[in-house]
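This is upload-v3.csv (CSV, C-alpha atoms).
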chain,number,residue,atom,x,y,z
A,1,MET,CA,-9.5,-24.3,-11.9
A,2,LYS,CA,-10.4,-25.7,-15.3
A,3,ASP,CA,-13.6,-24.3,-16.9
A,4,TYR,CA,-15.1,-27.5,-18.2
A,5,LEU,CA,-18.0,-25.8,-20.0
A,6,ASP,CA,-15.4,-23.8,-22.0
A,7,SER,CA,-14.1,-27.1,-23.5
A,8,PHE,CA,-17.4,-27.4,-25.4
A,9,LYS,CA,-17.0,-24.0,-27.1
A,10,LEU,CA,-15.7,-23.7,-30.7
A,11,THR,CA,-14.7,-20.0,-30.6
A,12,GLY,CA,-12.0,-19.2,-33.1
A,13,LYS,CA,-12.4,-22.4,-35.1
A,14,THR,CA,-13.7,-22.9,-38.6
A,15,ALA,CA,-16.1,-25.8,-39.1
A,16,VAL,CA,-17.2,-27.3,-42.4
A,17,VAL,CA,-20.5,-29.2,-42.5
A,18,CYS,CA,-21.0,-31.2,-45.7
A,19,GLY,CA,-24.7,-31.7,-46.2
A,20,GLY,CA,-25.4,-28.9,-43.8
A,21,LEU,CA,-28.9,-28.2,-45.2
A,22,GLY,CA,-30.4,-31.5,-44.4
A,23,LEU,CA,-32.5,-32.4,-41.4
A,24,LEU,CA,-29.5,-33.2,-39.2
A,25,GLY,CA,-27.1,-30.9,-41.0
A,26,LYS,CA,-29.1,-27.8,-40.1
A,27,GLU,CA,-29.1,-28.6,-36.5
A,28,VAL,CA,-25.4,-29.4,-36.5
A,29,SER,CA,-24.6,-26.1,-38.3
A,30,LYS,CA,-26.8,-24.2,-35.8
A,31,ALA,CA,-25.1,-25.9,-32.8
A,32,PHE,CA,-21.6,-25.1,-34.1
A,33,ALA,CA,-22.6,-21.5,-34.8
A,34,GLN,CA,-24.0,-21.1,-31.3
A,35,ALA,CA,-20.7,-22.6,-29.9
A,36,GLY,CA,-18.8,-19.8,-31.6
A,37,ALA,CA,-17.4,-21.5,-34.7
A,38,GLN,CA,-17.2,-19.9,-38.2
A,39,VAL,CA,-19.5,-22.3,-40.0
A,40,ILE,CA,-19.2,-23.2,-43.6
A,41,ILE,CA,-22.0,-25.3,-45.1
A,42,LEU,CA,-21.3,-27.3,-48.2
A,43,ASP,CA,-24.4,-28.3,-50.1
A,44,ILE,CA,-26.0,-28.3,-53.5
A,45,ASN,CA,-29.4,-26.7,-52.5
A,46,GLU,CA,-28.8,-23.0,-53.0
A,47,ASP,CA,-32.4,-22.0,-52.5
A,48,GLU,CA,-32.7,-23.9,-49.3
A,49,GLY,CA,-29.4,-22.3,-48.2
A,50,LYS,CA,-30.7,-18.8,-48.6
A,51,LYS,CA,-33.8,-19.6,-46.6
A,52,PHE,CA,-31.8,-21.2,-43.8
A,53,GLN,CA,-29.4,-18.2,-43.6
A,54,MET,CA,-32.4,-16.0,-43.2
A,55,ASP,CA,-33.8,-18.2,-40.4
A,56,LEU,CA,-30.4,-18.1,-38.6
A,57,SER,CA,-30.0,-14.3,-39.0
A,58,ARG,CA,-33.1,-13.9,-36.9
A,59,GLN,CA,-31.2,-15.7,-34.1
A,60,ASN,CA,-28.1,-13.6,-34.7
A,61,LEU,CA,-26.2,-16.6,-36.1
A,62,VAL,CA,-24.1,-16.4,-39.3
A,63,THR,CA,-23.1,-19.2,-41.6
A,64,GLU,CA,-21.5,-19.2,-45.0
A,65,ILE,CA,-23.0,-21.5,-47.7
A,66,ILE,CA,-20.9,-22.8,-50.6
A,67,SER,CA,-22.1,-25.0,-53.4
A,68,PHE,CA,-20.3,-28.3,-53.2
A,69,ASP,CA,-21.1,-31.6,-54.7
A,70,ILE,CA,-19.5,-34.5,-52.8
A,71,THR,CA,-20.7,-37.0,-55.4
A,72,ASP,CA,-18.2,-35.5,-57.9
A,73,ILE,CA,-15.6,-37.9,-56.6
A,74,TYR,CA,-13.0,-37.3,-59.3
A,75,ASN,CA,-12.7,-33.7,-58.3
A,76,ILE,CA,-12.9,-34.0,-54.5
A,77,ASN,CA,-9.2,-33.5,-54.0
A,78,ASN,CA,-9.1,-30.3,-56.1
A,79,ASN,CA,-12.3,-28.9,-54.6
A,80,VAL,CA,-11.1,-29.5,-51.0
A,81,GLN,CA,-7.7,-28.0,-51.7
A,82,ALA,CA,-9.4,-24.9,-53.2
A,83,LEU,CA,-11.5,-24.6,-50.1
A,84,PHE,CA,-8.5,-24.8,-47.7
A,85,SER,CA,-6.6,-22.3,-49.9
A,86,GLU,CA,-9.5,-19.9,-49.6
A,87,LYS,CA,-10.4,-20.3,-46.0
A,88,GLY,CA,-7.0,-21.1,-44.5
A,89,SER,CA,-7.2,-23.2,-41.4
A,90,ILE,CA,-10.2,-25.5,-41.1
A,91,GLN,CA,-10.2,-27.3,-37.7
A,92,ILE,CA,-13.5,-29.2,-37.9
A,93,TRP,CA,-14.9,-31.2,-40.8
A,94,VAL,CA,-18.2,-33.1,-40.7
A,95,ASN,CA,-19.4,-35.5,-43.4
A,96,LEU,CA,-23.2,-36.0,-43.1
A,97,ALA,CA,-24.5,-35.6,-46.6
A,98,TYR,CA,-26.9,-38.3,-47.7
A,99,PRO,CA,-26.6,-38.7,-51.5
A,100,ARG,CA,-28.6,-41.5,-53.1
A,101,THR,CA,-30.1,-42.6,-56.4
A,102,LYS,CA,-33.8,-42.1,-57.3
A,103,ASP,CA,-34.5,-45.8,-56.9
A,104,TRP,CA,-33.2,-45.9,-53.3
A,105,GLY,CA,-35.1,-48.0,-50.8
A,106,LYS,CA,-35.3,-51.4,-52.5
A,107,SER,CA,-35.1,-54.7,-50.7
A,108,LEU,CA,-32.1,-57.0,-50.8
A,109,THR,CA,-33.2,-59.0,-53.8
A,110,ASP,CA,-34.3,-56.0,-55.8
A,111,VAL,CA,-31.2,-53.8,-55.9
A,112,ASN,CA,-29.5,-53.8,-59.2
A,113,ILE,CA,-25.7,-53.6,-59.7
A,114,ASN,CA,-25.7,-50.2,-61.4
A,115,SER,CA,-27.6,-48.7,-58.5
A,116,TRP,CA,-25.4,-50.4,-56.0
A,117,GLN,CA,-22.2,-49.1,-57.6
A,118,LYS,CA,-23.6,-45.6,-58.0
A,119,ASN,CA,-24.6,-45.3,-54.4
A,120,VAL,CA,-21.3,-46.7,-53.1
A,121,ASP,CA,-19.5,-44.1,-55.2
A,122,MET,CA,-21.7,-41.3,-54.2
A,123,HIS,CA,-21.8,-42.0,-50.4
A,124,LEU,CA,-19.1,-44.4,-49.2
A,125,ASN,CA,-16.3,-43.5,-51.6
A,126,SER,CA,-17.0,-39.7,-51.3
A,127,TYR,CA,-16.7,-39.9,-47.5
A,128,CYS,CA,-13.5,-41.9,-47.6
A,129,LEU,CA,-11.9,-39.6,-50.2
A,130,LEU,CA,-13.0,-36.4,-48.3
A,131,THR,CA,-11.6,-37.8,-45.0
A,132,ARG,CA,-8.3,-38.6,-46.6
A,133,GLU,CA,-7.9,-35.3,-48.4
A,134,VAL,CA,-9.0,-33.2,-45.4
A,135,ALA,CA,-6.7,-35.1,-43.0
A,136,GLU,CA,-3.8,-34.7,-45.4
A,137,LEU,CA,-4.3,-31.0,-45.6
A,138,MET,CA,-4.6,-30.8,-41.8
A,139,LYS,CA,-1.4,-32.7,-41.5
A,140,LYS,CA,0.3,-30.4,-44.0
A,141,LYS,CA,-0.8,-27.3,-42.2
A,142,GLU,CA,-0.1,-28.8,-38.8
A,143,ILE,CA,-3.7,-28.4,-37.7
A,144,LEU,CA,-4.8,-30.5,-34.8
A,145,GLY,CA,-8.2,-31.1,-36.4
A,146,THR,CA,-11.2,-33.3,-36.0
A,147,ILE,CA,-13.2,-35.1,-38.7
A,148,ILE,CA,-16.6,-36.6,-37.9
A,149,ASN,CA,-18.2,-39.1,-40.3
A,150,PHE,CA,-21.9,-39.9,-40.0
A,151,ALA,CA,-22.6,-43.6,-40.1
A,152,SER,CA,-25.7,-45.4,-38.7
A,153,ILE,CA,-27.0,-48.1,-36.4
A,154,TYR,CA,-27.3,-50.2,-39.5
A,155,GLY,CA,-23.5,-50.0,-40.0
A,156,VAL,CA,-23.2,-51.8,-36.6
A,157,VAL,CA,-26.2,-54.2,-36.4
A,158,GLY,CA,-28.6,-55.7,-38.9
A,159,PRO,CA,-32.1,-54.2,-39.3
A,160,ASP,CA,-35.1,-55.5,-37.4
A,161,PHE,CA,-37.4,-55.8,-40.4
A,162,GLU,CA,-40.4,-56.0,-38.0
A,163,VAL,CA,-40.3,-52.2,-37.6
A,164,TYR,CA,-41.3,-51.9,-41.3
A,165,SER,CA,-44.3,-54.3,-40.9
A,166,GLY,CA,-47.5,-52.7,-42.1
A,167,THR,CA,-45.7,-50.1,-44.2
A,168,SER,CA,-44.2,-50.0,-47.7
A,169,MET,CA,-40.8,-49.1,-46.1
A,170,THR,CA,-37.8,-51.4,-45.9
A,171,SER,CA,-34.0,-51.1,-45.3
A,172,ASP,CA,-31.9,-50.7,-48.4
A,173,PRO,CA,-29.0,-53.2,-48.2
A,174,THR,CA,-26.6,-50.8,-49.9
A,175,TYR,CA,-27.1,-48.5,-46.9
A,176,ALA,CA,-25.7,-51.2,-44.5
A,177,ALA,CA,-22.7,-51.8,-46.7
A,178,ILE,CA,-22.0,-48.1,-47.0
A,179,LYS,CA,-22.4,-47.3,-43.3
A,180,GLY,CA,-20.4,-50.3,-42.3
A,181,GLY,CA,-17.6,-49.3,-44.6
A,182,ILE,CA,-17.6,-45.8,-43.2
A,183,ILE,CA,-17.1,-47.1,-39.7
A,184,ALA,CA,-14.3,-49.4,-40.8
A,185,PHE,CA,-12.5,-46.6,-42.7
A,186,CYS,CA,-12.9,-44.3,-39.8
A,187,ARG,CA,-11.0,-46.7,-37.6
A,188,HIS,CA,-8.3,-47.2,-40.2
A,189,SER,CA,-7.8,-43.5,-40.8
A,190,ALA,CA,-8.0,-42.6,-37.1
A,191,SER,CA,-5.1,-45.0,-36.5
A,192,TYR,CA,-3.2,-43.6,-39.5
A,193,TYR,CA,-3.5,-39.9,-38.6
A,194,GLY,CA,-3.5,-40.1,-34.9
A,195,LYS,CA,0.2,-39.4,-34.6
A,196,TYR,CA,-0.4,-36.0,-36.3
A,197,GLY,CA,-3.0,-35.1,-33.6
A,198,ILE,CA,-5.9,-35.5,-36.0
A,199,ARG,CA,-9.0,-37.1,-34.5
A,200,ILE,CA,-11.4,-39.0,-36.7
A,201,ASN,CA,-14.7,-40.4,-35.3
A,202,CYS,CA,-18.0,-41.9,-36.4
A,203,LEU,CA,-21.4,-40.8,-35.1
A,204,CYS,CA,-24.2,-43.3,-35.6
A,205,PRO,CA,-27.8,-42.0,-35.2
A,206,GLY,CA,-30.7,-44.3,-34.7
A,207,GLY,CA,-34.1,-43.5,-36.1
A,208,ILE,CA,-34.8,-39.7,-36.1
A,209,LEU,CA,-38.3,-38.3,-36.1
A,210,ASP,CA,-39.1,-36.9,-39.6
A,211,SER,CA,-42.8,-37.2,-40.4
A,212,GLN,CA,-42.5,-41.0,-41.0
A,213,ASN,CA,-45.4,-43.3,-41.4
A,214,PRO,CA,-47.2,-43.5,-38.0
A,215,VAL,CA,-47.2,-47.3,-38.1
A,216,PHE,CA,-43.4,-47.3,-38.5
A,217,ILE,CA,-43.1,-44.9,-35.7
A,218,ALA,CA,-45.1,-47.1,-33.4
A,219,ASN,CA,-43.2,-50.2,-34.4
A,220,TYR,CA,-39.9,-48.4,-33.9
A,221,GLU,CA,-40.8,-47.0,-30.5
A,222,ARG,CA,-41.7,-50.4,-29.2
A,223,ARG,CA,-38.3,-51.8,-30.3
A,224,THR,CA,-36.2,-49.0,-28.7
A,225,PRO,CA,-35.4,-49.0,-25.0
A,226,LEU,CA,-36.2,-45.3,-24.7
A,227,ARG,CA,-39.5,-45.9,-26.4
A,228,ARG,CA,-39.2,-43.1,-28.9
A,229,LEU,CA,-37.3,-41.9,-32.0
A,230,GLY,CA,-34.5,-39.4,-31.6
A,231,ARG,CA,-34.7,-35.7,-32.3
A,232,PRO,CA,-32.3,-33.8,-34.7
A,233,GLU,CA,-31.0,-31.6,-31.8
A,234,GLU,CA,-29.9,-34.7,-29.9
A,235,VAL,CA,-27.7,-35.7,-32.7
A,236,ALA,CA,-26.3,-32.2,-33.0
A,237,MET,CA,-25.3,-32.1,-29.3
A,238,ALA,CA,-23.4,-35.3,-29.7
A,239,THR,CA,-21.7,-33.9,-32.8
A,240,LEU,CA,-20.7,-30.8,-30.9
A,241,PHE,CA,-19.1,-32.9,-28.3
A,242,LEU,CA,-17.0,-34.8,-30.8
A,243,ALA,CA,-16.1,-31.5,-32.6
A,244,SER,CA,-15.0,-29.8,-29.3
A,245,ASP,CA,-12.0,-30.1,-27.0
A,246,ALA,CA,-14.3,-31.9,-24.6
A,247,SER,CA,-13.6,-35.1,-26.6
A,248,SER,CA,-9.9,-34.4,-27.1
A,249,TYR,CA,-8.8,-37.9,-26.1
A,250,ILE,CA,-11.4,-39.7,-28.3
A,251,THR,CA,-10.5,-40.9,-31.8
A,252,GLY,CA,-11.5,-44.0,-33.9
A,253,ALA,CA,-14.7,-44.2,-31.9
A,254,THR,CA,-18.1,-45.2,-33.0
A,255,VAL,CA,-20.5,-43.1,-31.0
A,256,MET,CA,-24.1,-44.4,-30.8
A,257,VAL,CA,-27.0,-41.9,-30.6
A,258,ASP,CA,-29.8,-44.4,-30.8
A,259,GLY,CA,-32.0,-44.5,-27.8
A,260,GLY,CA,-30.4,-47.8,-26.8
A,261,TRP,CA,-31.3,-49.6,-30.1
A,262,THR,CA,-27.9,-51.3,-30.4
A,263,CYS,CA,-27.7,-52.4,-26.7
A,264,ILE,CA,-30.3,-55.1,-27.1
Kindly transcribe the structure held in the file into structure tokens.
Amino acid sequence: MKDYLDSFKLTGKTAVVCGGLGLLGKEVSKAFAQAGAQVIILDINEDEGKKFQMDLSRQNLVTEIISFDITDIYNINNNVQALFSEKGSIQIWVNLAYPRTKDWGKSLTDVNINSWQKNVDMHLNSYCLLTREVAELMKKKEILGTIINFASIYGVVGPDFEVYSGTSMTSDPTYAAIKGGIIAFCRHSASYYGKYGIRINCLCPGGILDSQNPVFIANYERRTPLRRLGRPEEVAMATLFLASDASSYITGATVMVDGGWTCI
């Protein structure tokens, strides 16, 4: 009899989490470690990395943290190749870093071209280049791997600007362009690399609770069928599913973890 729960385990696999020290990255890294993977966190925040490792050690979980800047797009290929050379087989790769410029968060009419280009390079282009290079190395090493790219509900639907009413918040239009591009590239690359047994999927979180303005939270909860924002661990569980053999026949998918936001 098949052990279905065993399909969710990552024992014996190496998983890389780009941006693994962020709000969602920490939970994804923790979930992978609990599932038995050798977890490598790529991030630029070394101090936060040391603190996170100490927190995990209290739970008997071990991760390795490597300084890695995904916004250095002209060196992505060399940096990824060096990582594969050092670590050997990497079966799971997650792109969930959230790089952005200091002027991030402007309205559609206020974003300038320099900021737009910079953010597209840092976020969209880095994700695409990382996906291609990782998939190429998986193909070369004959690894039946999986790549998970984080997109967003705003890569699928337009924002409801009413949720920002009564706050200084808004939805940066560059974010929509970036996340929509990630989803489109995910489908393209999943189709291209499918014959090599490499799966590439997108995960799209909705709003995640993170000490936001209480007015925004109330507005958002009224708009969402489940009447609440999501929790980081709920995103981590969906990521674990896509990383595991439990999703072995899923590729090119856009998986919504949004409390029903996109169903209405």
Of the candidates A:Lys30, A:Arg231, A:Arg223, A:Lys2, which one gets nearest to Glu162 (chain A) if we count all atoms listed in the file?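 Distance minimum relative to Glu162 (chain A) lands on A:Arg223.
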Given the point (-44.9, -50.9, -40.1) in the coordinates of this file, which residues lie within 10 Å, counting only C-alpha atoms, and how would they look as a ChimeraX atom specification? /A:161-170,213-220
Atoms kept (C-alpha atoms) for selection, written as a PDB file, keeping the file's coordinate frame:
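Once everything was written out, this is selection38.pdb:
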ATOM      1  CA  PHE A 161     -37.400 -55.800 -40.400  1.00  0.00           C
ATOM      2  CA  GLU A 162     -40.400 -56.000 -38.000  1.00  0.00           C
ATOM      3  CA  VAL A 163     -40.300 -52.200 -37.600  1.00  0.00           C
ATOM      4  CA  TYR A 164     -41.300 -51.900 -41.300  1.00  0.00           C
ATOM      5  CA  SER A 165     -44.300 -54.300 -40.900  1.00  0.00           C
ATOM      6  CA  GLY A 166     -47.500 -52.700 -42.100  1.00  0.00           C
ATOM      7  CA  THR A 167     -45.700 -50.100 -44.200  1.00  0.00           C
ATOM      8  CA  SER A 168     -44.200 -50.000 -47.700  1.00  0.00           C
ATOM      9  CA  MET A 169     -40.800 -49.100 -46.100  1.00  0.00           C
ATOM     10  CA  THR A 170     -37.800 -51.400 -45.900  1.00  0.00           C
ATOM     11  CA  ASN A 213     -45.400 -43.300 -41.400  1.00  0.00           C
ATOM     12  CA  PRO A 214     -47.200 -43.500 -38.000  1.00  0.00           C
ATOM     13  CA  VAL A 215     -47.200 -47.300 -38.100  1.00  0.00           C
ATOM     14  CA  PHE A 216     -43.400 -47.300 -38.500  1.00  0.00           C
ATOM     15  CA  ILE A 217     -43.100 -44.900 -35.700  1.00  0.00           C
ATOM     16  CA  ALA A 218     -45.100 -47.100 -33.400  1.00  0.00           C
ATOM     17  CA  ASN A 219     -43.200 -50.200 -34.400  1.00  0.00           C
ATOM     18  CA  TYR A 220     -39.900 -48.400 -33.900  1.00  0.00           C
TER      19      TYR A 220
END
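Within the 12 Å cut-off around Ile44 (chain A), using all atoms listed in the file and omitting residues fewer than 3 positions from it on the same chain, the listed residues are Cys18, Gly19, Gly20, Leu21, Gly22, Ile41, Asp47, Glu48, Gly49, Lys50, Ile65, Ile66, Ser67, Phe68, Asp69, Ile70, Thr71, Asp72, Ala97, Tyr98 and Pro99 of chain A.
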Suppose you want the space between CA of Ala236 (chain A) and CA of Arg199 (chain A); what is it in Å? 18.0 Å
Just to confirm, what's the straight-line distance from CA of Thr174 (chain A) to CA of Ala135 (chain A) in Å (one decimal)?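 CA of Ala135 (chain A) lies at a distance of 26.3 Å from CA of Thr174 (chain A).
Among A:Ile147, A:Val157, A:Asp103, A:Thr224, the residue with the shortest atom-to-atom distance to Cys186 (chain A), counting only C-alpha atoms, is A:Ile147.
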To one decimal place, how far is CA of Pro205 (chain A) from CA of Ala151 (chain A) in Å?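 Distance reported for this atom pair: 7.3 Å.
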Protein and nucleic acid residues near (-19.9, -43.4, -57.3) (cut-off 12 Å, all atoms listed in the file) as a list of chain:residue names: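 Residues with an atom at most 12 Å from (-19.9, -43.4, -57.3): A:Ile70, A:Thr71, A:Asp72, A:Ile73, A:Tyr74, A:Pro99, A:Arg100, A:Thr101, A:Ile113, A:Asn114, A:Ser115, A:Trp116, A:Gln117, A:Lys118, A:Asn119, A:Val120, A:Asp121, A:Met122, A:His123, A:Leu124, A:Asn125, A:Ser126, A:Tyr127, A:Cys128, A:Leu129, A:Ile178.
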Please report as a Markdown table every residue of region 128-216 of chain A lying within 9 Å of region 78-96 of chain A, along with the nearest atom pair and their distance in Å (one decimal), using all atoms listed in the file.
| residue | atom | partner | partner_atom | distance |
| --- | --- | --- | --- | --- |
| A:Leu130 | CA | A:Val80 | CA | 7.6 |
| A:Thr131 | CA | A:Asn95 | CA | 8.3 |
| A:Glu133 | CA | A:Val80 | CA | 7.1 |
| A:Val134 | CA | A:Val80 | CA | 7.0 |
| A:Leu137 | CA | A:Gln81 | CA | 7.6 |
| A:Met138 | CA | A:Ile90 | CA | 7.7 |
| A:Lys141 | CA | A:Ser89 | CA | 7.6 |
| A:Ile143 | CA | A:Gln91 | CA | 6.6 |
| A:Leu144 | CA | A:Gln91 | CA | 6.9 |
| A:Gly145 | CA | A:Gln91 | CA | 4.5 |
| A:Thr146 | CA | A:Ile92 | CA | 5.1 |
| A:Ile147 | CA | A:Trp93 | CA | 4.7 |
| A:Ile148 | CA | A:Val94 | CA | 4.8 |
| A:Asn149 | CA | A:Asn95 | CA | 4.9 |
| A:Phe150 | CA | A:Leu96 | CA | 5.1 |
| A:Ala151 | CA | A:Leu96 | CA | 8.2 |
